[in-house]
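Worksheet: the structure to be examined is printed underneath.
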Amino acid sequence: MIKILISGALGRMGKKVYEACSANDKVTVVCGVDITEKTDGAFPVYASFESVKEKPDVIIDFSSPAALDSILNYAAANSCPAVLCATGYSDEQIAQIKKASEKTAIFRSANMSLGVNVLINLVKKAALLLEGFDIEIIEKHHNKKVDAPSGTALMLADAIKEELPEKFYIYGREGKVGKRNKDEIGIHAVRGGNIVGEHEVLFAGANETLTFSHSAADRSVFADGAVKAAVFMYGKKNGLYNMSNLVE
């Protein structure tokens with residue numbers, strides 16, 4: 001059995017990860033880390049990585065970018081692969097993750113859903129085929145999400161830009177003067193209610209429009225993906241991995 005440490009164990013996603021682990025016969029949760037320490041549940045939860053007594057095989061993190069330093073330090077000191085699922089990392093933190101992966105096995109994805117990663121592949125192909133089409137990305141999430149645009153929206157935009165490097169991003173259009181630039185990728189964020197996650201990529205041509213979309217009905221799809229990533233990362237050598245590696 002692969003021993004899992006859940007970072008952000010008492011949050012909504014941490015609880016979903018525990019449920020996903022409980023349904024998977026390849027893994028078991030041995031402990032967690034959360035700001036709110038708890039030891040009377042199904043597994044011990046510590047307030048910091050420094051307090052962890054167990055020896056996990058893989059970390060699954062759904063906490064926040066603020067925890068990155070602690071996670072990377074613990075992973076390096078204990079040769080423990082880490083699956084990073086948080087969003088909202090700064091450019092400096094992304095560079096930090098890449099640097100840390102030279103000495104530690106790290107899996108990072110802003111969206112752990114298999115469906116979203118299939119969507120990304122389809123959008124990349126469409127971007128090449130639909131020459132001259134305007135591209136707009138609309139993402140919708142619950143009213144407690146702290147980062148905007150979502151990490152997934154940026155994943156979609158970055159995937160398009162890989163194929164069309166001349167493109168640049170426009171975040172909403174408040175105060176913008178003048179007509180739309182042909183190389184814009186418009187990125188728009190909606191926040192409301194308890195929307196789990198919805199993403200649309202619009203390709204608008206002169207006389208036709210194509211829409212690619214993904215909707216998550218329950219957070220369990222992200223937890224399931226994270227557990228699959230943890231199984232994939234068990235025993236992996238140093239390096240930076242993502243959902244493309246897992247799918248392939």
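Chain lettering (A, B, ...) mirrors the order of the structure tokens, residue numbering begins at 1 for each chain separately, and ligand numbering begins at 1 in order of display.
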
Kindly provide the residues of range 212-244 of chain A that approach range 194-200 of chain A to within 6 Å, each paired with its closest atom pair and their distance in Å to one decimal, based on only C-alpha atoms, listed by chain and increasing number, as a Markdown table.
| residue | atom | partner | partner_atom | distance |
| --- | --- | --- | --- | --- |
| A:Phe212 | CA | A:Glu200 | CA | 5.6 |
| A:Ser213 | CA | A:Glu200 | CA | 4.3 |
| A:His214 | CA | A:His199 | CA | 5.4 |
| A:Ser215 | CA | A:Glu198 | CA | 4.4 |
| A:Ala216 | CA | A:Gly197 | CA | 5.4 |

Task: Residue contacts of range 95-103 of chain A (8 Å, only C-alpha atoms) excluding same-chain residues fewer than 3 positions away, as a PyMOL selection string - done: chain A and resi 72+76+91-92+106+238-240

Could you turn the residues from that selection into a file that holds C-alpha atoms, as a compact mmCIF listing (two decimals), in the first residue's frame?
# COMPACT_ATOMS: atom_id res chain seq x y z
CA LEU A 72 9.00 21.40 -0.94
CA ALA A 76 13.31 17.17 -0.40
CA ASP A 91 5.63 33.19 -11.38
CA GLU A 92 8.33 33.08 -8.72
CA ILE A 106 7.09 16.69 -8.29
CA ASN A 238 13.52 13.45 -9.65
CA GLY A 239 11.74 15.58 -12.23
CA LEU A 240 8.66 17.65 -12.98

- [ ] Can you pull out every residue within 12 Å of Lys167 in chain A, counting only C-alpha atoms, but drop anything in the same chain fewer than 2 positions away, and send it as a PyMOL selection string?
- [x] chain A and resi 127+132-136+157-165+169-170+181-186

- [ ] Find the distance between CA of Ala229 in chain A and CA of Leu246 in chain A and write it in Å to one decimal.
- [x]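 Computing the Euclidean distance for CA of Ala229 in chain A and CA of Leu246 in chain A yields 6.8 Å.
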
- [ ] Apply DSSP to the structure's backbone, then extract all residues of range 9-219 of chain A labelled helix (DSSP H, G or I) and return them as a ChimeraX atom specification.
- [x] /A:12-22,49-51,65-78,91-100,114-129,151-163

Sorted per-residue table, range 114-166 of chain A near range 53-67 of chain A, closest atoms and distance, 12 Å, only C-alpha atoms, as JSON lines:
{"residue": "A:Lys145", "atom": "CA", "partner": "A:Ser64", "partner_atom": "CA", "distance": 11.2}
{"residue": "A:Val146", "atom": "CA", "partner": "A:Ser64", "partner_atom": "CA", "distance": 9.9}
{"residue": "A:Asp147", "atom": "CA", "partner": "A:Ser64", "partner_atom": "CA", "distance": 10.4}

- [ ] Identify, on the basis of only C-alpha atoms, every residue whose closest approach to Ile2 in chain A does not exceed 7 Å; exclude the query and any residue fewer than 6 positions from it along the same chain; express the result as a list of chain:residue names.
- [x]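 Final neighbour list, sorted by chain and number: A:Lys26, A:Val27, A:Thr28, A:Asp57.
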
TODO: Find the residues near Asn143 in chain A: any atom within 6 Å, counting only C-alpha atoms, skip ones fewer than 2 places away on the same chain, and give them as an NGL selection string.
DONE: :A and (145 or 191-193)

- [ ] Within range 127-185 of chain A, find each residue whose DSSP state, derived from the backbone, is strand (DSSP E), and express the selection as JSON, numbers by chain.
- [x] {"A": [134, 135, 136, 137, 138, 139, 140, 141, 168, 169, 170, 171, 184, 185]}

TODO: Go through A:Val231, A:Met243, A:Val123, A:Val177 one by one, measure the shortest atom-to-atom distance of each to Val201 in chain A using only C-alpha atoms, and give the residue with the smallest value.
DONE: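 Residue with the minimum atom-to-atom distance to Val201 in chain A: A:Val123.
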
Open item on the list: Which residue is closest to Ser48 in chain A? Choose from A:Val29, A:Met112, A:Ile6, A:Val17 and count only C-alpha atoms.
Closed with: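 Among A:Val29, A:Met112, A:Ile6, A:Val17, it is A:Ile6 that comes nearest to Ser48 in chain A.
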